[in-house]
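Quick notes on the structure that follows.
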Number of protein chains: 2
Amino acid sequence: MKIVSSKSEQTNAEMAALKAARDEFVSQWGALGSQWGINRTMAQIHALLMTVDQPMTTDDLMEQLEISRGNAHSNVKELIAWGLVRTVVIRGERKEYFEAEKDVWEIARTVARERKRREIEPALGVLRECVEKSREWDSAEAKAFHKQMRQLEEFVSFASKVADQVSSMKHGFAVQLAAKLLG
Amino acid sequence: MKIVSSKSEQTNAEMAALKAARDEFVSQWGALGSQWGINRTMAQIHALLMTVDQPMTTDDLMEQLEISRGNAHSNVKELIAWGLVRTVVIRGERKEYFEAEKDVWEIARTVARERKRREIEPALGVLRECVEKSREWDSAEAKAFHKQMRQLEEFVSFASKVADQVSSMKHGFAVQLAAKLLG
DNA sequence: CACGATTTTCATTTTATTCTGAAAATTAAA
DNA sequence: TTTAATTTTCAGAATAAAATGAAAATCGTG
């Protein structure tokens with residue numbers, strides 16, 4: 001009967017625990033992703049790539065997440081389109097490898113930029129159109145509509161500017177902002 | 001042949017234009033909602049109630065949006081659960097009437113509070129668990145995992161605090177914040 | 001060029017979400 | 001209490017979104 005575990009047993013146990021923790025994180029992050037407008041697989045791939053120390057291939061993703069090639073492929077491409085994942089060339093290797101941006105402030109900046117482009121700007125478009133159209137209307141109901149559109153437009157403009165601020169943040173400035181906002 | 005429109009014709013034309021603009025807003029807002037994690041009908045009901053000057057019944061919603069009773073009902077209830085819509089009692093009326101919060105800063109505060117509760121807090125839970133579990137691990141890969149979880153945890157904590165700030169914002173303070181952030 | 005490796009596409013299937021509509025439950029007036 | 005109005009529920013239908021897997025396209029090397 002062993003009194004002390006050998007070094008390799010410790011390591012094996014730790015590796016297993018790491019794998020388990022990572023799986024848990026990947027799975028939970030995937031579930032949370034759905035709550036945002038993000039599909040589960042995309043969130044899972046992102047979670048996996050963020051917590052792994054080496055770039056991975058499509059085949060690695062397929063194996064680890066038990067998903068098809070097509071699914072892995074299209075979601076990786078989507079993550080690349082977001083700017084959250086990039087391809088990496090490994091010398092002597094023919095396959096493409098992928099790695100995620102790991103710096104959280106950089107991730108935040110990227111997400112701010114993309115969500116502004118994909119969500120805030122279209123919303124602003126709609127609101128501005130409505131504000132214009134209703135500018136000259138006379139009835140009380142129409143005036144109320146105009147006012148509401150103006151208020152929403154003002155607010156979404158504000159959000160847009162915040163997104164700009166965040167996406168232009170230097171890493172150091174983030175800390176400052178945090179202090180300013182919360183101190 | 002008429003040279004000048006009568007007052008009532010002007011009004012009719014304006015009413016029609018208002019209806020068209022509102023429909024456009026409702027439809028676009030619904031489409032945008034999907035991009036967030038919000039279902040189309042819920043976003044449409046919210047858009048409609050925000051831009052209307054009188055509270056509406058379930059039947060009004062059914063008619064205006066051409067949706068079933070069940071659909072109208074469950075999405076109104078969901079909006080009430082979010083705190084974005086409230087019921088209104090109209091004297092002498094048996095039906096329930098609904099109205100939306102119209103103040104955009106109030107809406108922002110509500111959304112900040114709810115999204116914190118529904119999205120940020122569960123995420124924090126997962127991250128903290130991962131940070132704890134991986135605290136004592138030794139291998140390089142495990143240390144990298146721990147570090148990444150710590151960074152994410154720190155960031156999401158920050159987001160949580162921002163959400164608190166926003167949701168405790170007085171209306172007047174919002175303007176100040178805006179100035180501070182953007183000035 | 002030709003061949004094997006790899007990536008990309010996409011028609012089909014599967015799964016998840018949303019919606020309907022009618023029945024059941026509740027409510028309040030008679 | 002009875003009745004009619006109104007709200008709520010929920011099984012099933014419809015729709016939308018995501019995933020599969022195999023074929024086609026592309027790539028890079030000998």
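Each chain in the structure tokens gets a letter, A, B and so on, in the order shown; residues start at 1 in every chain, and ligands are counted from 1 in the order they appear.
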### Message
Taking only C-alpha atoms into account, find every residue of chain A that has an atom no more than 6 Å from chain B, and write it out as a list in words.
### Response
Gln35, Trp36, Gly37, Thr51 and Phe145 of chain A
### Those in region 6-146 of chain B with strand (DSSP E or B) from DSSP, as an NGL selection string
:B and (56 or 85-88 or 97-100)
### Query
Near Ala112 (chain A), counting only C-alpha atoms (C1' of nucleotides), which residues have an atom at most 9 Å away, once you skip same-chain residues fewer than 5 positions from it, shown as a VMD selection string?
chain A and resid 107 117 162 to 164 166 to 167
## Note on the structure
What separates C1' of DA24 (chain C) and CA of Arg69 (chain B) is a distance of 15.0 Å
### Query
What does the distance from CA of Glu99 (chain A) to CA of Pro55 (chain A) come to in Å, to one decimal?
4.7 Å
### Task
May I have the residues of chain D within 10 Å of chain A, counting only C-alpha atoms (C1' of nucleotides), written as a list in words?
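Every residue meeting the condition is included here: DA17, DA18, DA19, DT20, DG21, DC27 and DG28 of chain D.
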Kindly assemble as JSON lines a list of the chain C residues that lie within 10 Å of chain A, each paired with its nearest atom pair and their distance in Å to one decimal, using only C-alpha atoms (C1' of nucleotides), sorted first by chain and then by ascending residue number.
```
{"residue": "C:DA5", "atom": "C1'", "partner": "A:Arg94", "partner_atom": "CA", "distance": 8.1}
{"residue": "C:DT6", "atom": "C1'", "partner": "A:Lys95", "partner_atom": "CA", "distance": 6.7}
{"residue": "C:DT7", "atom": "C1'", "partner": "A:His73", "partner_atom": "CA", "distance": 8.5}
{"residue": "C:DT8", "atom": "C1'", "partner": "A:His73", "partner_atom": "CA", "distance": 8.3}
{"residue": "C:DT9", "atom": "C1'", "partner": "A:Gly70", "partner_atom": "CA", "distance": 8.8}
{"residue": "C:DC10", "atom": "C1'", "partner": "A:Gly70", "partner_atom": "CA", "distance": 9.8}
```
Go ahead and dump the residues you just picked, N, CA, C and O atoms (P, O5', C5', C4', C3', O3' and C1' of nucleotides), as a short mmCIF file (atom, residue, chain, number, x, y, z; two decimals), in the first residue's frame.
```cif
data_model
loop_
_atom_site.label_atom_id
_atom_site.label_comp_id
_atom_site.auth_asym_id
_atom_site.auth_seq_id
_atom_site.Cartn_x
_atom_site.Cartn_y
_atom_site.Cartn_z
P DA C 5 -3.23 11.53 -47.44
"O5'" DA C 5 -3.34 13.04 -46.95
"C5'" DA C 5 -2.21 13.89 -47.05
"C4'" DA C 5 -2.69 15.31 -46.79
"C3'" DA C 5 -3.65 15.44 -45.60
"O3'" DA C 5 -3.15 16.48 -44.78
"C1'" DA C 5 -4.58 16.44 -47.55
P DT C 6 -3.78 16.85 -43.41
"O5'" DT C 6 -4.80 17.97 -43.86
"C5'" DT C 6 -4.29 19.18 -44.43
"C4'" DT C 6 -5.45 20.01 -44.89
"C3'" DT C 6 -6.54 20.25 -43.85
"O3'" DT C 6 -6.44 21.60 -43.46
"C1'" DT C 6 -7.44 19.87 -46.02
P DT C 7 -7.56 22.29 -42.55
"O5'" DT C 7 -8.52 22.90 -43.66
"C5'" DT C 7 -7.95 23.81 -44.62
"C4'" DT C 7 -9.05 24.29 -45.54
"C3'" DT C 7 -10.20 25.01 -44.86
"O3'" DT C 7 -10.43 26.19 -45.62
"C1'" DT C 7 -11.04 23.26 -46.22
P DT C 8 -11.48 27.29 -45.12
"O5'" DT C 8 -12.77 26.89 -45.95
"C5'" DT C 8 -12.69 26.97 -47.38
"C4'" DT C 8 -13.98 26.46 -47.97
"C3'" DT C 8 -15.25 27.08 -47.37
"O3'" DT C 8 -15.85 27.81 -48.42
"C1'" DT C 8 -15.46 24.73 -47.65
P DT C 9 -17.24 28.57 -48.20
"O5'" DT C 9 -18.29 27.51 -48.78
"C5'" DT C 9 -18.08 27.00 -50.08
"C4'" DT C 9 -19.13 25.95 -50.37
"C3'" DT C 9 -20.57 26.38 -50.08
"O3'" DT C 9 -21.31 26.05 -51.25
"C1'" DT C 9 -20.12 24.30 -49.04
P DC C 10 -22.70 26.74 -51.57
"O5'" DC C 10 -23.73 25.58 -51.21
"C5'" DC C 10 -23.48 24.24 -51.68
"C4'" DC C 10 -24.45 23.30 -50.97
"C3'" DC C 10 -25.75 23.97 -50.50
"O3'" DC C 10 -26.80 23.03 -50.71
"C1'" DC C 10 -24.73 22.93 -48.69
#
```
### Task
Any chance you could list, as a ChimeraX atom specification, the residues in region 59-182 of chain B that come up helix (DSSP H, G or I) when DSSP is run on the backbone?
/B:59-65,69-82,104-133,140-167,171-182
Selection from above, C-alpha atoms, as a PDB file, in the first residue's frame, can you write it?
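Final output, saved to selection-v6.pdb:
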```pdb
ATOM      1  CA  ASP B  59     -56.984  41.974 -27.446  1.00  0.00           C
ATOM      2  CA  ASP B  60     -55.474  45.221 -28.698  1.00  0.00           C
ATOM      3  CA  LEU B  61     -52.068  43.577 -28.894  1.00  0.00           C
ATOM      4  CA  MET B  62     -53.525  40.559 -30.687  1.00  0.00           C
ATOM      5  CA  GLU B  63     -55.158  42.788 -33.248  1.00  0.00           C
ATOM      6  CA  GLN B  64     -52.312  45.246 -33.825  1.00  0.00           C
ATOM      7  CA  LEU B  65     -49.580  42.614 -34.049  1.00  0.00           C
ATOM      8  CA  ARG B  69     -53.950  35.241 -27.436  1.00  0.00           C
ATOM      9  CA  GLY B  70     -51.507  32.786 -25.894  1.00  0.00           C
ATOM     10  CA  ASN B  71     -48.580  34.467 -27.552  1.00  0.00           C
ATOM     11  CA  ALA B  72     -49.676  37.946 -26.515  1.00  0.00           C
ATOM     12  CA  HIS B  73     -50.366  36.774 -22.998  1.00  0.00           C
ATOM     13  CA  SER B  74     -47.100  35.014 -22.320  1.00  0.00           C
ATOM     14  CA  ASN B  75     -44.951  37.753 -23.769  1.00  0.00           C
ATOM     15  CA  VAL B  76     -46.739  40.466 -21.809  1.00  0.00           C
ATOM     16  CA  LYS B  77     -46.153  38.422 -18.672  1.00  0.00           C
ATOM     17  CA  GLU B  78     -42.503  38.087 -19.561  1.00  0.00           C
ATOM     18  CA  LEU B  79     -42.227  41.858 -20.006  1.00  0.00           C
ATOM     19  CA  ILE B  80     -43.874  42.305 -16.640  1.00  0.00           C
ATOM     20  CA  ALA B  81     -41.371  39.867 -15.123  1.00  0.00           C
ATOM     21  CA  TRP B  82     -38.595  42.046 -16.554  1.00  0.00           C
ATOM     22  CA  VAL B 104     -35.352  55.595 -21.305  1.00  0.00           C
ATOM     23  CA  TRP B 105     -33.075  55.928 -18.295  1.00  0.00           C
ATOM     24  CA  GLU B 106     -35.531  53.991 -16.229  1.00  0.00           C
ATOM     25  CA  ILE B 107     -35.609  51.334 -18.944  1.00  0.00           C
ATOM     26  CA  ALA B 108     -31.813  51.259 -18.977  1.00  0.00           C
ATOM     27  CA  ARG B 109     -31.698  50.813 -15.214  1.00  0.00           C
ATOM     28  CA  THR B 110     -34.208  47.987 -15.343  1.00  0.00           C
ATOM     29  CA  VAL B 111     -32.405  46.187 -18.130  1.00  0.00           C
ATOM     30  CA  ALA B 112     -29.075  46.596 -16.329  1.00  0.00           C
ATOM     31  CA  ARG B 113     -30.512  45.141 -13.137  1.00  0.00           C
ATOM     32  CA  GLU B 114     -32.174  42.200 -14.859  1.00  0.00           C
ATOM     33  CA  ARG B 115     -29.295  41.317 -17.129  1.00  0.00           C
ATOM     34  CA  LYS B 116     -26.985  41.406 -14.165  1.00  0.00           C
ATOM     35  CA  ARG B 117     -29.213  39.007 -12.309  1.00  0.00           C
ATOM     36  CA  ARG B 118     -29.847  36.687 -15.232  1.00  0.00           C
ATOM     37  CA  GLU B 119     -26.512  36.702 -17.018  1.00  0.00           C
ATOM     38  CA  ILE B 120     -23.656  38.238 -15.089  1.00  0.00           C
ATOM     39  CA  GLU B 121     -24.274  36.527 -11.777  1.00  0.00           C
ATOM     40  CA  PRO B 122     -24.488  32.989 -13.151  1.00  0.00           C
ATOM     41  CA  ALA B 123     -21.330  33.628 -15.160  1.00  0.00           C
ATOM     42  CA  LEU B 124     -19.558  34.848 -12.038  1.00  0.00           C
ATOM     43  CA  GLY B 125     -20.614  31.697 -10.231  1.00  0.00           C
ATOM     44  CA  VAL B 126     -19.034  29.466 -12.856  1.00  0.00           C
ATOM     45  CA  LEU B 127     -15.866  31.509 -12.970  1.00  0.00           C
ATOM     46  CA  ARG B 128     -15.396  31.608  -9.205  1.00  0.00           C
ATOM     47  CA  GLU B 129     -15.812  27.880  -9.011  1.00  0.00           C
ATOM     48  CA  CYS B 130     -13.163  27.416 -11.677  1.00  0.00           C
ATOM     49  CA  VAL B 131     -10.804  29.846  -9.941  1.00  0.00           C
ATOM     50  CA  GLU B 132     -11.184  27.991  -6.646  1.00  0.00           C
ATOM     51  CA  LYS B 133     -10.751  24.541  -8.093  1.00  0.00           C
ATOM     52  CA  ALA B 140       2.108  25.007 -16.484  1.00  0.00           C
ATOM     53  CA  GLU B 141      -1.113  24.299 -18.342  1.00  0.00           C
ATOM     54  CA  ALA B 142      -3.143  24.292 -15.139  1.00  0.00           C
ATOM     55  CA  LYS B 143      -1.538  27.545 -14.016  1.00  0.00           C
ATOM     56  CA  ALA B 144      -2.433  29.126 -17.346  1.00  0.00           C
ATOM     57  CA  PHE B 145      -6.012  27.950 -16.912  1.00  0.00           C
ATOM     58  CA  HIS B 146      -6.143  29.408 -13.425  1.00  0.00           C
ATOM     59  CA  LYS B 147      -4.776  32.734 -14.611  1.00  0.00           C
ATOM     60  CA  GLN B 148      -7.295  32.942 -17.430  1.00  0.00           C
ATOM     61  CA  MET B 149     -10.175  32.156 -15.084  1.00  0.00           C
ATOM     62  CA  ARG B 150      -8.926  34.813 -12.670  1.00  0.00           C
ATOM     63  CA  GLN B 151      -8.764  37.417 -15.421  1.00  0.00           C
ATOM     64  CA  LEU B 152     -12.238  36.591 -16.657  1.00  0.00           C
ATOM     65  CA  GLU B 153     -13.565  36.617 -13.121  1.00  0.00           C
ATOM     66  CA  GLU B 154     -12.034  40.030 -12.527  1.00  0.00           C
ATOM     67  CA  PHE B 155     -13.560  41.382 -15.694  1.00  0.00           C
ATOM     68  CA  VAL B 156     -17.017  40.010 -15.067  1.00  0.00           C
ATOM     69  CA  SER B 157     -16.879  41.398 -11.514  1.00  0.00           C
ATOM     70  CA  PHE B 158     -16.164  44.760 -13.048  1.00  0.00           C
ATOM     71  CA  ALA B 159     -19.147  44.400 -15.357  1.00  0.00           C
ATOM     72  CA  SER B 160     -21.241  43.481 -12.367  1.00  0.00           C
ATOM     73  CA  LYS B 161     -20.234  46.644 -10.566  1.00  0.00           C
ATOM     74  CA  VAL B 162     -20.953  48.755 -13.607  1.00  0.00           C
ATOM     75  CA  ALA B 163     -24.405  47.197 -13.772  1.00  0.00           C
ATOM     76  CA  ASP B 164     -24.940  48.087 -10.117  1.00  0.00           C
ATOM     77  CA  GLN B 165     -23.891  51.661 -10.793  1.00  0.00           C
ATOM     78  CA  VAL B 166     -26.218  51.988 -13.733  1.00  0.00           C
ATOM     79  CA  SER B 167     -29.149  50.408 -11.958  1.00  0.00           C
ATOM     80  CA  HIS B 171     -32.017  60.225 -13.570  1.00  0.00           C
ATOM     81  CA  GLY B 172     -30.017  63.378 -13.028  1.00  0.00           C
ATOM     82  CA  PHE B 173     -26.864  61.452 -12.342  1.00  0.00           C
ATOM     83  CA  ALA B 174     -27.126  59.768 -15.701  1.00  0.00           C
ATOM     84  CA  VAL B 175     -26.473  63.046 -17.433  1.00  0.00           C
ATOM     85  CA  GLN B 176     -23.444  63.619 -15.231  1.00  0.00           C
ATOM     86  CA  LEU B 177     -22.127  60.166 -16.002  1.00  0.00           C
ATOM     87  CA  ALA B 178     -22.624  60.756 -19.674  1.00  0.00           C
ATOM     88  CA  ALA B 179     -20.642  63.983 -19.458  1.00  0.00           C
ATOM     89  CA  LYS B 180     -17.885  62.347 -17.429  1.00  0.00           C
ATOM     90  CA  LEU B 181     -17.595  59.429 -19.794  1.00  0.00           C
ATOM     91  CA  LEU B 182     -17.786  61.313 -23.028  1.00  0.00           C
TER      92      LEU B 182
END
```
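Atom pair CA of Thr57 (chain B) / CA of Phe98 (chain B) has a distance of 6.2 Å (rounded to one decimal).
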